[in-house]
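Reviewing the structure listed below.
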Amino acid sequence: MSKKSYRQAINEALRQEMERDERVIIMGEDISGGTGAAGDQDAWGGPLGVTKGLRPQFGPDRVLDTHLAEISFVGAAAGAALTGLRPVVELMFVDFMGVCFDQILNQTAKFRYMFGGKAVTPLVIRTMYGAGFRAASQHSQCLYPVFTHIPGLKVALPSNAYEAKGLLIQAIRDDDPVIFFEHKAMYDDEMEVPDEPYSIPFGEANVTREGDDVTIVAFGRMVNLANQAADSLGKHGISCTVVDPRTTSPLDTETILETVAETGRLVVIDEAHPRCGMASDIAGLVAENAFDSLKAPIKLVTAPHVPVPFSPALEDIYIPSVAKIEAAVRAAVSHGSKVAAE
Amino acid sequence: MTVEGERPRRAANWWEDDAGDAAPVEEGKPMASIRPITMPKWGLAMEEGMLARWAVDVGATITLGQEIMDIETTKIANVFESPVTGVLRRRVVGEGDTVPVGALLGVVSEPDVPDAEVDDFVREFLAGFEPVAGGGAAAIAPETIEAGGRRIRRLKAGPDTGLPVLFLHGFGADLTTWTLNQAALADEHPVHAIDLPGHGGSTKDLADGSVEALAAAVRDYMDAEELETAHLVGHSLGAAVAVTMALDAPSRVAGLTLVAPAGLGEEIAGDFIAGFIAESRARKLRPYLEMLVANPDRVTADMVEDVLKFKRLDGAMAALQSIADANFAGDSQRLSLRDRLADIEAPVQVVWGENDRVLPASHAKGLPAHIPVTTIPDAGHIVHMEKATEVNAVIARLGKT
């Protein structure tokens with residue numbers, strides 16, 4: 001056990017799985033510093049240094065710097081998975097999904113089903129998401145609801161370094177395609193992470209806070225903001241349960257419904273856009289299955305339905321904040337009482 | 001607390017220092033006129049704690065050892081027993097507040113001390129208080145060493161000289177189970193707590209899951225650390241490992257404190273073992289961990305998560321299953337050490353939680369007469385965490401050999 005950043009945890013998961021299983025390969029744009037670029041190989045180790053050190057250790061046969069055409073290298077990785085390798089391919093920003101989406105939507109996601117279970121596709125697509133990096137509209141989106149919508153894909157959203165290592169190892173060992181979302185504003189966040197390999201099962205939510213008054217369901221980086229809000233509200237007599245589903249597909253509906261049955265109130269925090277997002281999905285789940293236990297309307301805290309702004313001032317208010325989460329929880333708790341929320 | 005068994009009074013005996021019942025704390029020290037109550041340091045890694053509840057009001061007379069508040073850390077929730085006797089004059093920290101180790105929580109004095117003097121004391125204490133980084137022991141952290149070709153994680157503290165005390169945890173636990181005990185003994189003894197093979201940060205490769213194999217690993221650890229002899233403090237399965245050590249390598253064992261030991265009777269709560277292994281979700285695992293304690297509130301979310309973090313490690317589940325298969329079968333134990341206790345040359349003492357729901361405290365009845373048994377009320381299987389002060393007093397008697 002030692003302190004590791006989100007970046008180091010992901011790097012360690014890749015390294016340990018490559019050591020354990022020679023079928024694991026990684027590929028993507030600039031993951032070792034750029035083929036043909038001047039200077040040392042692996043000078044960068046990926047655009048944000050996540051894959052640094054892997055090319056020197058495992059060599060160019062297993063660490064493939066690709067050309068700038070996602071449609072072909074994502075497709076190549078899917079084919080490699082179908083024929084016996086376990087590729088981890090990096091889609092640098094999830095915003096680039098548009099140029100390779102057919103490979104994911106119509107090929108990768110469908111192989112197992114359309115081949116009657118005779119083929120498996122152990123492919124992992126690692127990708128960066130999220131706002132707060134001053135990277136503007138085309139490099140800051142969340143988009144995990146789009147992948148969650150597609151049967152045949154699994155979608156993981158690690159909320160800290162410990163989760164990142166365990167969920168990535170699980171993703172690599174999983175026989176189905178997994179889209180692994182890394183929030184780019186979390187790479188330097190540190191915590192205690194075991195040195196040994198470990199895997200966190202998919203579809204098992206993590207209850208990070210236990211309370212009586214409100215259930216907060218949050219995704220990815222938003223889990224940390226929800227925890228902060230819960231800790232702050234706890235000092236004012238409002239006790240919150242915080243649920244980190246870990247994966248949006250499969251989704252641990254059981255834990256969500258059980259905790260809502262206990263608290264009677266639900267607030268969902270989602271950095272994605274509000275239409276057809278995880279927040280509305282969870283709200284629908286609870287409205288359909290736990291309506292009788294609700295004491296107040298469900299509250300959603302999401303980004304607005306606009307592109308991510310480039311203006312730092314606008315981007316800061318675009319992202320759900322601890323203050324917005326606290327306000328939503330207070331509104332849920334004070335519903336029906338004559339005393340206005342503080 | 002009750003002490004069972006006939007306790008021979010021979011001067012050469014190691015428990016002779018103790019007068020009568022095993023009192024948790026020393027009585028009769030003269031009380032200074034104003035005494036602080038400060039945030040205790042429960043464990044080598046504790047830096048701060050949250051005062052969850054005051055159990056006494058200002059103006060009340062409190063006595064040494066009385067339960068005066070509940071304190072929670074990220075690792076444990078527990079009652080805090082008063083280190084002093086007197087009238088509680090001030091509550092300096094309110095319920096729900098988190099403060100560093102050593103911070104002033106309350107003030108006790110004789111009843112006739114004027115308010116102004118109490119206020120001056122508080123003011124001076126607060127003005128002079130500086131939290132020590134890391135709670136005063138920032139450098140002490142678990143480390144991993146090689147012993148007998150195995151990776152063993154250990155936490156070592158205390159002086160270089162003196163009789164070493166070596167702590168051996170139970171099934172499914174790790175060295176952090178001794179958080180409240182190791183620190184208390186570190187003033188006088190070199191204290192070692194290790195993760196047994198298959199557990200915590202130690203190797204998950206087991207030759208087999210028997211207590212003999214685990215005892216061999218403990219002996220290798222002692223060899224690697226050049227510990228000729230040590231007092232072994234074992235809990236549950238770890239106590240069975242300690243007994244096996246004492247039988248197989250008597251020269252290496254100076255004494256044994258057996259906390260809720262396995263192997264002294266037939267029954268064990270088989271559903272605890274099965275549930276502990278089977279459940280991978282915190283909400284499903286928690287009821288089984290609650291079987292370990294008398295008061296379920298003492299199981300914190302972090303305790304549950306720490307168990308899950310261990311179980312997720314590669315090889316951990318296979319190791320647990322192998323140990324369970326070797327030592328338990330449903331509601332009965334395969335271990336049978338009871339008849340061999342009389343063969344142990346070193347002093348042995350047994351401590352048990354009266355409400356143990358995993359291994360019943362009745363297993364301590366009818367042991368050889370020279371083995372003192374301390375049964376502690378309002379405590380379950382992890383009595384060393386629930387009633388640390390009392391268990392530490394028992395262990396300390398043994399440390400005086």
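By convention here, the chains of the structure tokens are called A, B, ... in the order presented, each chain's residues are numbered starting at 1, and ligands are numbered starting at 1 in the order presented.
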- Message: Tell me as a list in words which residues belonging to chain B come within 7 Å of chain A, counting only C-alpha atoms.
- Response: Arg281, Arg312, Leu313 and Asp314 of chain B
Mind writing the picked residues with C-alpha atoms as a tab-separated table (two decimals), in the first residue's frame?
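Heads up, here's the output in again_30.tsv:
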```tsv
chain	number	residue	atom	x	y	z
B	281	ARG	CA	-20.82	-6.08	-1.33
B	312	ARG	CA	-10.40	-8.11	-3.86
B	313	LEU	CA	-6.63	-8.70	-3.95
B	314	ASP	CA	-5.52	-11.38	-6.40
```
- Contacts of stretch 295-299 of chain B within 8 Å, only C-alpha atoms, excl. fewer than 4 positions in-chain, as an NGL selection string: :B and (76-78 or 286 or 289-291 or 303-304 or 378-379 or 386)
- A:Ile10 surroundings by only C-alpha atoms, 10 Å radius, close-in-sequence under 6 positions cut, as a ChimeraX atom specification: /A:4,50-51,126,161-169,182,187
Those residues with C-alpha atoms, as an mmCIF file, in the first residue's frame please?
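Result went into out-v2.cif, see below:
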```cif
data_model
loop_
_atom_site.group_PDB
_atom_site.id
_atom_site.type_symbol
_atom_site.label_atom_id
_atom_site.label_comp_id
_atom_site.auth_asym_id
_atom_site.auth_seq_id
_atom_site.Cartn_x
_atom_site.Cartn_y
_atom_site.Cartn_z
ATOM 1 C CA LYS A 4 -0.581 6.768 -5.800
ATOM 2 C CA VAL A 50 -0.524 7.801 -18.210
ATOM 3 C CA THR A 51 1.260 5.120 -20.272
ATOM 4 C CA ARG A 126 -9.645 3.896 -22.268
ATOM 5 C CA ALA A 161 -7.241 6.132 -7.811
ATOM 6 C CA TYR A 162 -8.210 2.989 -5.861
ATOM 7 C CA GLU A 163 -11.283 2.508 -8.031
ATOM 8 C CA ALA A 164 -9.304 3.218 -11.200
ATOM 9 C CA LYS A 165 -6.793 0.420 -10.644
ATOM 10 C CA GLY A 166 -9.343 -2.203 -9.593
ATOM 11 C CA LEU A 167 -11.884 -1.358 -12.274
ATOM 12 C CA LEU A 168 -9.268 -1.251 -15.042
ATOM 13 C CA ILE A 169 -7.910 -4.682 -14.063
ATOM 14 C CA GLU A 182 -10.877 8.624 -17.006
ATOM 15 C CA TYR A 187 -5.023 12.444 -12.829
#
```
- Message: Need to verify the contact set: A:Ser249, 8 Å, only C-alpha atoms, exclusion of same-chain residues closer than 5 positions in sequence. Can you return it as a ChimeraX atom specification?
- Response: /A:148,153-156,203
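Shortest separation to A:Ala185 among A:Glu262, A:Lys52, A:Arg7, A:Asp231 occurs at residue A:Arg7, atoms counted being only C-alpha atoms.
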- Could you name the residues that touch B:Asp220 at 12 Å or less, counting only C-alpha atoms, but leaving out those on the same chain fewer than 2 positions away, as a PyMOL selection string? chain B and resi 145-152+194+196-197+213-218+222-228+245+249+252
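Around stretch 177-193 of chain B, within 8 Å and counting only C-alpha atoms, the residues found are Trp42, Gly43, Leu44, Arg154, Leu155, Lys156, Ala157, Gly158, Pro159, Asp160, Thr161, Gly162, Leu163, Pro164, Val165, Leu166, Phe167, Leu168, His169, Ala173, Asp174, His384, Met385, Ala388, Val391, Asn392, Ala396 and Gly399 of chain B, once anything fewer than 3 positions away on its own chain is removed.
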Per residue of stretch 268-304 of chain A within 12 Å of stretch 330-337 of chain A, which atom pair is closest and at what distance in Å (one decimal), using only C-alpha atoms, listed by chain and increasing number, as a Markdown table?
```
| residue | atom | partner | partner_atom | distance |
| --- | --- | --- | --- | --- |
| A:Val268 | CA | A:Ala332 | CA | 11.3 |
| A:Leu294 | CA | A:Ala332 | CA | 10.2 |
| A:Lys295 | CA | A:His335 | CA | 8.1 |
| A:Ala296 | CA | A:Ala332 | CA | 5.8 |
| A:Pro297 | CA | A:Ala332 | CA | 6.8 |
| A:Ile298 | CA | A:Ala332 | CA | 7.3 |
| A:Lys299 | CA | A:Ala332 | CA | 6.9 |
| A:Leu300 | CA | A:Ala332 | CA | 10.3 |
| A:Val301 | CA | A:Ala331 | CA | 11.8 |
```
- Among stretch 241-275 of chain A, which ones does DSSP place in alpha helix (DSSP H), written as a ChimeraX atom specification? /A:253-263
Go ahead and dump the residues you just picked, N, CA and C atoms, as a JSON list (two decimals), in the first residue's frame.
```json
[["chain", "number", "residue", "atom", "x", "y", "z"],
["A", 253, "THR", "N", -28.81, -1.50, -9.80],
["A", 253, "THR", "CA", -30.10, -0.88, -9.46],
["A", 253, "THR", "C", -30.53, -1.26, -8.04],
["A", 254, "GLU", "N", -30.10, -2.42, -7.58],
["A", 254, "GLU", "CA", -30.51, -2.91, -6.28],
["A", 254, "GLU", "C", -30.06, -1.97, -5.15],
["A", 255, "THR", "N", -28.78, -1.60, -5.19],
["A", 255, "THR", "CA", -28.27, -0.72, -4.13],
["A", 255, "THR", "C", -28.97, 0.64, -4.18],
["A", 256, "ILE", "N", -29.19, 1.15, -5.39],
["A", 256, "ILE", "CA", -29.85, 2.45, -5.51],
["A", 256, "ILE", "C", -31.26, 2.38, -4.91],
["A", 257, "LEU", "N", -32.01, 1.35, -5.29],
["A", 257, "LEU", "CA", -33.39, 1.25, -4.81],
["A", 257, "LEU", "C", -33.44, 0.98, -3.30],
["A", 258, "GLU", "N", -32.53, 0.16, -2.81],
["A", 258, "GLU", "CA", -32.51, -0.14, -1.37],
["A", 258, "GLU", "C", -32.22, 1.12, -0.55],
["A", 259, "THR", "N", -31.24, 1.90, -1.00],
["A", 259, "THR", "CA", -30.88, 3.08, -0.20],
["A", 259, "THR", "C", -31.97, 4.14, -0.30],
["A", 260, "VAL", "N", -32.62, 4.26, -1.46],
["A", 260, "VAL", "CA", -33.72, 5.22, -1.56],
["A", 260, "VAL", "C", -34.89, 4.78, -0.66],
["A", 261, "ALA", "N", -35.10, 3.48, -0.58],
["A", 261, "ALA", "CA", -36.16, 2.99, 0.32],
["A", 261, "ALA", "C", -35.86, 3.37, 1.77],
["A", 262, "GLU", "N", -34.58, 3.44, 2.11],
["A", 262, "GLU", "CA", -34.21, 3.79, 3.48],
["A", 262, "GLU", "C", -34.32, 5.28, 3.75],
["A", 263, "THR", "N", -33.94, 6.10, 2.77],
["A", 263, "THR", "CA", -33.89, 7.55, 3.02],
["A", 263, "THR", "C", -35.16, 8.28, 2.54]]
```
Selection: 10 Å around B:Phe171, only C-alpha atoms, excl. self and same-chain fewer than 5 positions, as a compact mmCIF listing (two decimals) with C-alpha atoms, in the first residue's frame:
```
# COMPACT_ATOMS: atom_id res chain seq x y z
CA LEU B 196 -0.19 -13.93 8.24
CA GLY B 198 -2.86 -15.25 2.76
CA HIS B 199 -3.83 -12.02 4.49
CA HIS B 235 -6.49 -13.74 18.22
CA SER B 236 -8.85 -16.54 17.13
CA LEU B 237 -7.08 -18.49 14.37
CA GLY B 238 -3.91 -16.50 15.15
CA ALA B 262 -9.67 -21.16 18.02
CA ILE B 273 -16.93 -18.04 7.90
CA PHE B 276 -17.31 -13.57 5.24
CA LEU B 320 -9.11 -17.65 2.63
CA ILE B 323 -7.43 -21.72 5.33
CA ALA B 324 -11.14 -22.19 6.04
```
- Task: Pull the strand (DSSP E or B) assignments for stretch 95-326 of chain A out of DSSP run on the backbone, and list those residues as a ChimeraX atom specification.
- Result: /A:124-129,154-156,178-183,190-193,198,206-209,214-218,240-244,247-249,266-270,299-302
Could you write out the selected residues, including C-alpha atoms, as an mmCIF file, in the first residue's frame?
```cif
data_model
loop_
_atom_site.group_PDB
_atom_site.id
_atom_site.type_symbol
_atom_site.label_atom_id
_atom_site.label_comp_id
_atom_site.auth_asym_id
_atom_site.auth_seq_id
_atom_site.Cartn_x
_atom_site.Cartn_y
_atom_site.Cartn_z
ATOM 1 C CA VAL A 124 -10.945 -2.087 -23.379
ATOM 2 C CA ILE A 125 -11.241 1.447 -24.712
ATOM 3 C CA ARG A 126 -9.645 3.896 -22.268
ATOM 4 C CA THR A 127 -10.766 7.437 -22.832
ATOM 5 C CA MET A 128 -10.576 10.886 -21.206
ATOM 6 C CA TYR A 129 -13.729 12.798 -20.397
ATOM 7 C CA LYS A 154 -19.832 -2.172 -20.380
ATOM 8 C CA VAL A 155 -19.079 1.305 -19.064
ATOM 9 C CA ALA A 156 -16.829 2.047 -16.063
ATOM 10 C CA VAL A 178 -15.513 -2.097 -21.763
ATOM 11 C CA ILE A 179 -15.400 1.677 -22.224
ATOM 12 C CA PHE A 180 -13.226 2.966 -19.385
ATOM 13 C CA PHE A 181 -13.733 6.658 -18.605
ATOM 14 C CA GLU A 182 -10.877 8.624 -17.006
ATOM 15 C CA HIS A 183 -11.686 12.133 -15.802
ATOM 16 C CA GLU A 190 -3.697 10.776 -4.768
ATOM 17 C CA MET A 191 -4.766 8.169 -2.248
ATOM 18 C CA GLU A 192 -3.639 4.867 -0.737
ATOM 19 C CA VAL A 193 -3.680 2.161 -3.397
ATOM 20 C CA TYR A 198 -6.879 -6.490 -7.407
ATOM 21 C CA ASN A 206 -19.918 1.552 -3.604
ATOM 22 C CA VAL A 207 -21.765 3.277 -0.773
ATOM 23 C CA THR A 208 -19.229 5.954 0.199
ATOM 24 C CA ARG A 209 -21.361 7.614 2.902
ATOM 25 C CA VAL A 214 -31.149 11.622 1.456
ATOM 26 C CA THR A 215 -29.606 9.267 -1.110
ATOM 27 C CA ILE A 216 -27.158 10.990 -3.437
ATOM 28 C CA VAL A 217 -26.213 9.002 -6.541
ATOM 29 C CA ALA A 218 -23.172 10.461 -8.293
ATOM 30 C CA CYS A 240 -26.680 11.629 3.361
ATOM 31 C CA THR A 241 -26.050 8.268 1.760
ATOM 32 C CA VAL A 242 -23.750 8.605 -1.234
ATOM 33 C CA VAL A 243 -23.836 5.901 -3.895
ATOM 34 C CA ASP A 244 -21.094 5.538 -6.495
ATOM 35 C CA THR A 247 -20.309 1.220 -13.686
ATOM 36 C CA THR A 248 -23.285 2.624 -15.568
ATOM 37 C CA SER A 249 -23.535 -0.631 -17.530
ATOM 38 C CA LEU A 266 -33.046 11.055 -4.080
ATOM 39 C CA VAL A 267 -30.619 13.577 -5.548
ATOM 40 C CA VAL A 268 -28.638 12.537 -8.653
ATOM 41 C CA ILE A 269 -25.392 14.260 -9.647
ATOM 42 C CA ASP A 270 -24.251 13.906 -13.251
ATOM 43 C CA LYS A 299 -33.717 16.409 -7.623
ATOM 44 C CA LEU A 300 -31.191 16.348 -10.467
ATOM 45 C CA VAL A 301 -27.934 18.296 -10.510
ATOM 46 C CA THR A 302 -26.395 18.189 -13.986
#
```
